[in-house]
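Taking it in order: structure first as structure tokens, then the write-up.
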Amino acid sequence: MKPSSFARVKPEDLRINPFHTIGEGWMLITAGTAEDFNTMTANWGALGVLWGKPVALCFVRPSRHTFDYLNRSACFTLSFFDESHRAILDYCGTHSGRRVNKVAETGLKPIVTAEGGIAFEQARLILVCRRLYAQDIDPRLFSDPSTLGHYEHSDYHRMFVGEVVECLVAERGLHEGRRPARDGRDVPSDRK
């Protein structure tokens, strides 16, 4: 399915708080093809500008099933949801795609973006990223030793940097006198 119910916007036109959107709202990181992909929940990441491009950073441990998909894919997506979809995010963060079909179990509806990324119809905001760079976290470079507490099993994340090449905001609610906010939330049409 194509993402026809989304409006394409420029990344620099988004007005989101990344600390809340990523850290509190969570996201699904998805990589692969329409025939074979995996998704996982994450709440570590960043948005910004690097090498003169709008970028998204995500961090994935090698033990995660999505890790192999990210390494093989030229593209990945970050999908953000309304709070009403928290159960989907919980499920995708606590179950491995090696053992379960997350799409079948949660009712997620995959879509293929113009850039070939796999995302989900239920999302309010989708960032499609072309992979630019990947690097493993090196524990020798931590300035604050307390950070090592996140790695009791020495399972250090790999950082993936992607250029945001497509930014999609859900249009649902338009026919009900609502318009999508620049951060993907629905707001009343009379608000500017």
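In the structure tokens, chains take the letters A, B, ... in the order shown, each chain's residues start at 1, and ligands count up from 1 in the order shown.
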
Need to verify the contact set: Ala134 in chain A, 10 Å, only C-alpha atoms, exclusion of same-chain residues closer than 2 positions in sequence. Can you return it as a list in words?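 Those residues are Leu57, Cys58, Phe59, Leu70, Asn71, Arg131, Leu132, Asp136, Ile137, Arg158, Met159, Phe160, Val161 and Gly162 of chain A.
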
Distance table requested - range 100-142 of chain A against range 32-56 of chain A, cut-off 12 Å, only C-alpha atoms: one row per qualifying residue with the closest atom pair and its distance in Å to one decimal, ordered by chain and rising residue number, as JSON lines.
{"residue": "A:Val100", "atom": "CA", "partner": "A:Asn38", "partner_atom": "CA", "distance": 10.5}
{"residue": "A:Asn101", "atom": "CA", "partner": "A:Asn38", "partner_atom": "CA", "distance": 8.9}
{"residue": "A:Lys102", "atom": "CA", "partner": "A:Thr39", "partner_atom": "CA", "distance": 7.8}
{"residue": "A:Val103", "atom": "CA", "partner": "A:Thr39", "partner_atom": "CA", "distance": 8.9}
{"residue": "A:Thr106", "atom": "CA", "partner": "A:Thr39", "partner_atom": "CA", "distance": 11.7}
{"residue": "A:Leu108", "atom": "CA", "partner": "A:Thr39", "partner_atom": "CA", "distance": 10.5}
{"residue": "A:Lys109", "atom": "CA", "partner": "A:Ala34", "partner_atom": "CA", "distance": 11.5}
{"residue": "A:Pro110", "atom": "CA", "partner": "A:Ala34", "partner_atom": "CA", "distance": 8.1}
{"residue": "A:Ile111", "atom": "CA", "partner": "A:Ala34", "partner_atom": "CA", "distance": 8.1}
{"residue": "A:Val112", "atom": "CA", "partner": "A:Ala34", "partner_atom": "CA", "distance": 6.8}
{"residue": "A:Thr113", "atom": "CA", "partner": "A:Ala34", "partner_atom": "CA", "distance": 10.1}
{"residue": "A:Glu115", "atom": "CA", "partner": "A:Thr33", "partner_atom": "CA", "distance": 11.2}
{"residue": "A:Gly116", "atom": "CA", "partner": "A:Thr33", "partner_atom": "CA", "distance": 7.6}
{"residue": "A:Gly117", "atom": "CA", "partner": "A:Thr33", "partner_atom": "CA", "distance": 7.4}
{"residue": "A:Ile118", "atom": "CA", "partner": "A:Ala34", "partner_atom": "CA", "distance": 6.6}
{"residue": "A:Ala119", "atom": "CA", "partner": "A:Thr39", "partner_atom": "CA", "distance": 8.9}
{"residue": "A:Phe120", "atom": "CA", "partner": "A:Thr39", "partner_atom": "CA", "distance": 10.1}
{"residue": "A:Ile126", "atom": "CA", "partner": "A:Ala56", "partner_atom": "CA", "distance": 11.5}
{"residue": "A:Leu127", "atom": "CA", "partner": "A:Ala56", "partner_atom": "CA", "distance": 8.2}
{"residue": "A:Val128", "atom": "CA", "partner": "A:Ala56", "partner_atom": "CA", "distance": 9.2}
{"residue": "A:Cys129", "atom": "CA", "partner": "A:Ala56", "partner_atom": "CA", "distance": 7.2}
{"residue": "A:Arg130", "atom": "CA", "partner": "A:Val55", "partner_atom": "CA", "distance": 9.1}
{"residue": "A:Arg131", "atom": "CA", "partner": "A:Val55", "partner_atom": "CA", "distance": 9.5}
{"residue": "A:Leu132", "atom": "CA", "partner": "A:Val55", "partner_atom": "CA", "distance": 9.0}
{"residue": "A:Tyr133", "atom": "CA", "partner": "A:Val55", "partner_atom": "CA", "distance": 10.6}
{"residue": "A:Ala134", "atom": "CA", "partner": "A:Ala56", "partner_atom": "CA", "distance": 11.9}

Those residues with N, CA and C atoms, as an mmCIF file, in the first residue's frame please?
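Printed below is selection-v2.cif as written:
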data_model
loop_
_atom_site.group_PDB
_atom_site.id
_atom_site.type_symbol
_atom_site.label_atom_id
_atom_site.label_comp_id
_atom_site.auth_asym_id
_atom_site.auth_seq_id
_atom_site.Cartn_x
_atom_site.Cartn_y
_atom_site.Cartn_z
ATOM 1 N N VAL A 100 7.971 -13.915 16.350
ATOM 2 C CA VAL A 100 6.576 -13.562 16.091
ATOM 3 C C VAL A 100 6.483 -12.658 14.868
ATOM 4 N N ASN A 101 5.296 -12.631 14.273
ATOM 5 C CA ASN A 101 5.006 -11.707 13.187
ATOM 6 C C ASN A 101 4.353 -10.486 13.824
ATOM 7 N N LYS A 102 5.128 -9.420 13.993
ATOM 8 C CA LYS A 102 4.637 -8.243 14.709
ATOM 9 C C LYS A 102 3.471 -7.576 13.982
ATOM 10 N N VAL A 103 3.483 -7.608 12.664
ATOM 11 C CA VAL A 103 2.400 -7.007 11.884
ATOM 12 C C VAL A 103 1.096 -7.757 12.151
ATOM 13 N N THR A 106 -0.145 -7.234 15.906
ATOM 14 C CA THR A 106 -0.539 -5.899 16.359
ATOM 15 C C THR A 106 -1.570 -5.222 15.464
ATOM 16 N N LEU A 108 -0.672 -3.772 12.670
ATOM 17 C CA LEU A 108 0.022 -2.744 11.904
ATOM 18 C C LEU A 108 -0.247 -2.939 10.418
ATOM 19 N N LYS A 109 -0.397 -1.826 9.694
ATOM 20 C CA LYS A 109 -0.660 -1.878 8.259
ATOM 21 C C LYS A 109 0.531 -1.263 7.527
ATOM 22 N N PRO A 110 1.402 -2.115 6.949
ATOM 23 C CA PRO A 110 2.596 -1.598 6.276
ATOM 24 C C PRO A 110 2.255 -0.797 5.026
ATOM 25 N N ILE A 111 3.059 0.237 4.790
ATOM 26 C CA ILE A 111 2.982 1.017 3.559
ATOM 27 C C ILE A 111 4.401 1.130 3.008
ATOM 28 N N VAL A 112 4.502 1.337 1.707
ATOM 29 C CA VAL A 112 5.800 1.532 1.059
ATOM 30 C C VAL A 112 5.871 2.994 0.634
ATOM 31 N N THR A 113 6.886 3.689 1.082
ATOM 32 C CA THR A 113 7.033 5.106 0.757
ATOM 33 C C THR A 113 7.639 5.269 -0.634
ATOM 34 N N GLU A 115 10.334 6.504 -1.437
ATOM 35 C CA GLU A 115 11.762 6.186 -1.400
ATOM 36 C C GLU A 115 12.012 4.698 -1.148
ATOM 37 N N GLY A 116 10.940 3.915 -1.023
ATOM 38 C CA GLY A 116 11.086 2.473 -0.801
ATOM 39 C C GLY A 116 11.169 2.067 0.655
ATOM 40 N N GLY A 117 10.945 3.000 1.569
ATOM 41 C CA GLY A 117 10.946 2.663 2.983
ATOM 42 C C GLY A 117 9.651 1.991 3.390
ATOM 43 N N ILE A 118 9.719 1.188 4.423
ATOM 44 C CA ILE A 118 8.538 0.523 4.961
ATOM 45 C C ILE A 118 8.140 1.245 6.244
ATOM 46 N N ALA A 119 6.888 1.675 6.295
ATOM 47 C CA ALA A 119 6.365 2.365 7.473
ATOM 48 C C ALA A 119 4.940 1.857 7.703
ATOM 49 N N PHE A 120 4.168 2.589 8.503
ATOM 50 C CA PHE A 120 2.861 2.074 8.891
ATOM 51 C C PHE A 120 1.768 3.121 8.766
ATOM 52 N N ILE A 126 6.100 10.093 9.796
ATOM 53 C CA ILE A 126 7.067 9.117 9.282
ATOM 54 C C ILE A 126 8.263 9.878 8.739
ATOM 55 N N LEU A 127 9.452 9.497 9.191
ATOM 56 C CA LEU A 127 10.690 10.018 8.626
ATOM 57 C C LEU A 127 11.346 8.888 7.852
ATOM 58 N N VAL A 128 11.545 9.102 6.555
ATOM 59 C CA VAL A 128 12.207 8.113 5.705
ATOM 60 C C VAL A 128 13.652 8.560 5.566
ATOM 61 N N CYS A 129 14.568 7.663 5.899
ATOM 62 C CA CYS A 129 15.978 8.024 5.983
ATOM 63 C C CYS A 129 16.832 7.170 5.052
ATOM 64 N N ARG A 130 17.701 7.833 4.306
ATOM 65 C CA ARG A 130 18.701 7.138 3.486
ATOM 66 C C ARG A 130 19.940 7.011 4.353
ATOM 67 N N ARG A 131 20.383 5.779 4.539
ATOM 68 C CA ARG A 131 21.516 5.526 5.448
ATOM 69 C C ARG A 131 22.784 6.189 4.918
ATOM 70 N N LEU A 132 23.413 7.004 5.776
ATOM 71 C CA LEU A 132 24.646 7.692 5.428
ATOM 72 C C LEU A 132 25.871 7.110 6.120
ATOM 73 N N TYR A 133 25.657 6.588 7.330
ATOM 74 C CA TYR A 133 26.807 6.235 8.163
ATOM 75 C C TYR A 133 26.356 5.302 9.275
ATOM 76 N N ALA A 134 27.262 4.442 9.708
ATOM 77 C CA ALA A 134 26.999 3.590 10.874
ATOM 78 C C ALA A 134 28.305 3.427 11.641
#

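One finds CA of Ser63 in chain A at 27.4 Å from CA of Glu83 in chain A.
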
Range 21-162 of chain A: residues DSSP assigns to helix (DSSP H, G or I), reported as a PyMOL selection string: chain A and resi 21-23+65-72+83-94+102-106+139-141+145-150

Write out, as an mmCIF file, in the first residue's frame, the residues just selected, with N, CA and C atoms.
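Once everything was written out, this is part19.cif:
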data_model
loop_
_atom_site.group_PDB
_atom_site.id
_atom_site.type_symbol
_atom_site.label_atom_id
_atom_site.label_comp_id
_atom_site.auth_asym_id
_atom_site.auth_seq_id
_atom_site.Cartn_x
_atom_site.Cartn_y
_atom_site.Cartn_z
ATOM 1 N N THR A 21 9.096 13.698 21.604
ATOM 2 C CA THR A 21 8.671 12.851 20.491
ATOM 3 C C THR A 21 9.406 11.514 20.486
ATOM 4 N N ILE A 22 10.706 11.536 20.722
ATOM 5 C CA ILE A 22 11.496 10.295 20.730
ATOM 6 C C ILE A 22 11.513 9.675 22.124
ATOM 7 N N GLY A 23 11.900 10.461 23.122
ATOM 8 C CA GLY A 23 12.110 9.919 24.463
ATOM 9 C C GLY A 23 10.859 9.473 25.183
ATOM 10 N N HIS A 65 16.785 -8.110 16.240
ATOM 11 C CA HIS A 65 16.533 -8.665 14.903
ATOM 12 C C HIS A 65 16.607 -7.574 13.834
ATOM 13 N N THR A 66 16.159 -6.378 14.159
ATOM 14 C CA THR A 66 16.171 -5.256 13.218
ATOM 15 C C THR A 66 17.592 -4.836 12.857
ATOM 16 N N PHE A 67 18.561 -5.124 13.711
ATOM 17 C CA PHE A 67 19.959 -4.758 13.475
ATOM 18 C C PHE A 67 20.444 -5.265 12.112
ATOM 19 N N ASP A 68 20.202 -6.536 11.815
ATOM 20 C CA ASP A 68 20.645 -7.103 10.529
ATOM 21 C C ASP A 68 19.950 -6.425 9.352
ATOM 22 N N TYR A 69 18.681 -6.098 9.517
ATOM 23 C CA TYR A 69 17.945 -5.406 8.450
ATOM 24 C C TYR A 69 18.533 -4.017 8.202
ATOM 25 N N LEU A 70 18.872 -3.310 9.266
ATOM 26 C CA LEU A 70 19.470 -1.983 9.119
ATOM 27 C C LEU A 70 20.815 -2.056 8.400
ATOM 28 N N ASN A 71 21.591 -3.079 8.710
ATOM 29 C CA ASN A 71 22.902 -3.231 8.065
ATOM 30 C C ASN A 71 22.790 -3.540 6.585
ATOM 31 N N ARG A 72 21.716 -4.207 6.179
ATOM 32 C CA ARG A 72 21.534 -4.595 4.769
ATOM 33 C C ARG A 72 20.793 -3.548 3.948
ATOM 34 N N GLU A 83 -0.717 8.478 21.172
ATOM 35 C CA GLU A 83 -0.707 7.697 22.413
ATOM 36 C C GLU A 83 -1.679 6.516 22.353
ATOM 37 N N SER A 84 -2.705 6.614 21.527
ATOM 38 C CA SER A 84 -3.688 5.525 21.416
ATOM 39 C C SER A 84 -3.066 4.240 20.862
ATOM 40 N N HIS A 85 -1.865 4.326 20.320
ATOM 41 C CA HIS A 85 -1.180 3.145 19.766
ATOM 42 C C HIS A 85 -0.058 2.645 20.676
ATOM 43 N N ARG A 86 -0.063 3.059 21.937
ATOM 44 C CA ARG A 86 0.995 2.671 22.872
ATOM 45 C C ARG A 86 1.131 1.152 22.997
ATOM 46 N N ALA A 87 0.021 0.427 22.937
ATOM 47 C CA ALA A 87 0.087 -1.040 23.060
ATOM 48 C C ALA A 87 0.889 -1.659 21.915
ATOM 49 N N ILE A 88 0.782 -1.086 20.725
ATOM 50 C CA ILE A 88 1.570 -1.576 19.579
ATOM 51 C C ILE A 88 3.052 -1.348 19.850
ATOM 52 N N LEU A 89 3.390 -0.165 20.331
ATOM 53 C CA LEU A 89 4.788 0.133 20.634
ATOM 54 C C LEU A 89 5.315 -0.779 21.735
ATOM 55 N N ASP A 90 4.501 -1.012 22.760
ATOM 56 C CA ASP A 90 4.898 -1.932 23.827
ATOM 57 C C ASP A 90 5.190 -3.319 23.262
ATOM 58 N N TYR A 91 4.276 -3.808 22.433
ATOM 59 C CA TYR A 91 4.435 -5.156 21.878
ATOM 60 C C TYR A 91 5.699 -5.255 21.024
ATOM 61 N N CYS A 92 5.901 -4.282 20.149
ATOM 62 C CA CYS A 92 7.054 -4.322 19.239
ATOM 63 C C CYS A 92 8.375 -4.122 19.965
ATOM 64 N N GLY A 93 8.322 -3.628 21.194
ATOM 65 C CA GLY A 93 9.530 -3.471 21.989
ATOM 66 C C GLY A 93 9.823 -4.651 22.890
ATOM 67 N N THR A 94 8.865 -5.545 23.066
ATOM 68 C CA THR A 94 9.052 -6.672 23.983
ATOM 69 C C THR A 94 8.987 -8.031 23.295
ATOM 70 N N LYS A 102 5.128 -9.420 13.993
ATOM 71 C CA LYS A 102 4.637 -8.243 14.709
ATOM 72 C C LYS A 102 3.471 -7.576 13.982
ATOM 73 N N VAL A 103 3.483 -7.608 12.664
ATOM 74 C CA VAL A 103 2.400 -7.007 11.884
ATOM 75 C C VAL A 103 1.096 -7.757 12.151
ATOM 76 N N ALA A 104 1.148 -9.079 12.080
ATOM 77 C CA ALA A 104 -0.049 -9.882 12.301
ATOM 78 C C ALA A 104 -0.553 -9.753 13.738
ATOM 79 N N GLU A 105 0.357 -9.705 14.690
ATOM 80 C CA GLU A 105 -0.030 -9.672 16.101
ATOM 81 C C GLU A 105 -0.570 -8.318 16.552
ATOM 82 N N THR A 106 -0.145 -7.234 15.906
ATOM 83 C CA THR A 106 -0.539 -5.899 16.359
ATOM 84 C C THR A 106 -1.570 -5.222 15.464
ATOM 85 N N PRO A 139 33.156 1.797 24.055
ATOM 86 C CA PRO A 139 33.100 2.083 25.493
ATOM 87 C C PRO A 139 34.306 2.858 26.003
ATOM 88 N N ARG A 140 35.416 2.812 25.307
ATOM 89 C CA ARG A 140 36.618 3.543 25.744
ATOM 90 C C ARG A 140 36.446 5.050 25.608
ATOM 91 N N LEU A 141 35.444 5.474 24.845
ATOM 92 C CA LEU A 141 35.269 6.901 24.578
ATOM 93 C C LEU A 141 34.248 7.580 25.488
ATOM 94 N N PRO A 145 31.584 7.611 33.189
ATOM 95 C CA PRO A 145 31.554 6.160 33.406
ATOM 96 C C PRO A 145 30.186 5.612 33.806
ATOM 97 N N SER A 146 29.298 6.470 34.342
ATOM 98 C CA SER A 146 27.977 5.973 34.740
ATOM 99 C C SER A 146 27.178 5.505 33.522
ATOM 100 N N THR A 147 27.510 6.010 32.343
ATOM 101 C CA THR A 147 26.813 5.604 31.124
ATOM 102 C C THR A 147 27.002 4.117 30.850
ATOM 103 N N LEU A 148 28.102 3.554 31.299
ATOM 104 C CA LEU A 148 28.360 2.130 31.090
ATOM 105 C C LEU A 148 27.311 1.248 31.765
ATOM 106 N N GLY A 149 26.568 1.807 32.721
ATOM 107 C CA GLY A 149 25.501 1.062 33.378
ATOM 108 C C GLY A 149 24.412 0.607 32.410
ATOM 109 N N HIS A 150 24.329 1.224 31.245
ATOM 110 C CA HIS A 150 23.365 0.812 30.225
ATOM 111 C C HIS A 150 23.853 -0.413 29.450
#

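If you measure from each of A:Thr77, A:Asn17, A:Ser4, A:Ser143 to Val164 in chain A using only C-alpha atoms, the closest one turns out to be A:Thr77.
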
Counting only C-alpha atoms, the residue among A:Val60, A:Ala114, A:Cys167, A:Leu78 that lies closest to Met27 in chain A is A:Leu78

Test item, strand (DSSP E or B) assignment across range 12-53 of chain A, answer as a PyMOL selection string:
chain A and resi 27-32+37-42+45-50+53

Can I get the selection written as a short mmCIF file (atom, residue, chain, number, x, y, z; two decimals), in the first residue's frame, with N, CA and C atoms?
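Saved result, out.cif, follows:
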data_model
loop_
_atom_site.label_atom_id
_atom_site.label_comp_id
_atom_site.auth_asym_id
_atom_site.auth_seq_id
_atom_site.Cartn_x
_atom_site.Cartn_y
_atom_site.Cartn_z
N MET A 27 9.17 5.43 19.09
CA MET A 27 9.07 5.31 17.63
C MET A 27 9.31 3.86 17.24
N LEU A 28 8.90 3.54 16.03
CA LEU A 28 9.26 2.25 15.44
C LEU A 28 10.34 2.50 14.41
N ILE A 29 11.44 1.77 14.54
CA ILE A 29 12.51 1.78 13.54
C ILE A 29 12.24 0.57 12.64
N THR A 30 12.16 0.80 11.34
CA THR A 30 11.83 -0.27 10.40
C THR A 30 12.82 -0.27 9.25
N ALA A 31 13.26 -1.46 8.86
CA ALA A 31 14.16 -1.59 7.71
C ALA A 31 13.85 -2.90 6.99
N GLY A 32 14.19 -2.93 5.71
CA GLY A 32 13.97 -4.11 4.88
C GLY A 32 13.20 -3.75 3.63
N PHE A 37 10.81 -7.43 6.07
CA PHE A 37 11.25 -6.31 6.90
C PHE A 37 11.04 -6.66 8.36
N ASN A 38 11.62 -5.84 9.23
CA ASN A 38 11.36 -5.96 10.66
C ASN A 38 11.29 -4.57 11.26
N THR A 39 10.58 -4.49 12.37
CA THR A 39 10.42 -3.23 13.08
C THR A 39 10.66 -3.44 14.56
N MET A 40 11.09 -2.40 15.23
CA MET A 40 11.34 -2.46 16.67
C MET A 40 11.04 -1.10 17.28
N THR A 41 10.70 -1.11 18.55
CA THR A 41 10.44 0.11 19.29
C THR A 41 11.75 0.67 19.83
N ALA A 42 11.85 2.00 19.80
CA ALA A 42 13.04 2.66 20.35
C ALA A 42 12.64 4.00 20.97
N GLY A 45 17.45 8.32 20.32
CA GLY A 45 17.70 8.80 18.97
C GLY A 45 17.88 10.30 18.99
N ALA A 46 18.05 10.86 17.80
CA ALA A 46 18.26 12.30 17.69
C ALA A 46 17.86 12.77 16.30
N LEU A 47 17.52 14.06 16.22
CA LEU A 47 17.22 14.72 14.96
C LEU A 47 18.07 15.98 14.90
N GLY A 48 18.56 16.32 13.70
CA GLY A 48 19.35 17.53 13.58
C GLY A 48 19.92 17.69 12.19
N VAL A 49 21.03 18.39 12.12
CA VAL A 49 21.70 18.65 10.85
C VAL A 49 23.13 18.15 10.96
N LEU A 50 23.57 17.40 9.97
CA LEU A 50 24.92 16.86 9.93
C LEU A 50 25.34 16.79 8.48
N LYS A 53 22.96 18.20 5.90
CA LYS A 53 21.72 17.49 5.57
C LYS A 53 20.86 17.33 6.83
#

Atom pair CA of Gln135 in chain A + CA of Phe80 in chain A, distance 24.1 Å

Pairwise distance, CA of Phe19 in chain A with CA of Ser96 in chain A, equals 25.9 Å

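With distances restricted to only C-alpha atoms, A:Ala123 is the closest residue to Phe6 in chain A from A:Ser73, A:Phe142, A:Tyr156, A:Ala123.
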
| said: From the options A:Glu171, A:Glu166, A:Gly107, A:Phe81, which residue's atoms come nearest to Lys10 in chain A, counting only C-alpha atoms? | reply: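 That would be A:Glu166, the residue with the smallest distance to Lys10 in chain A.
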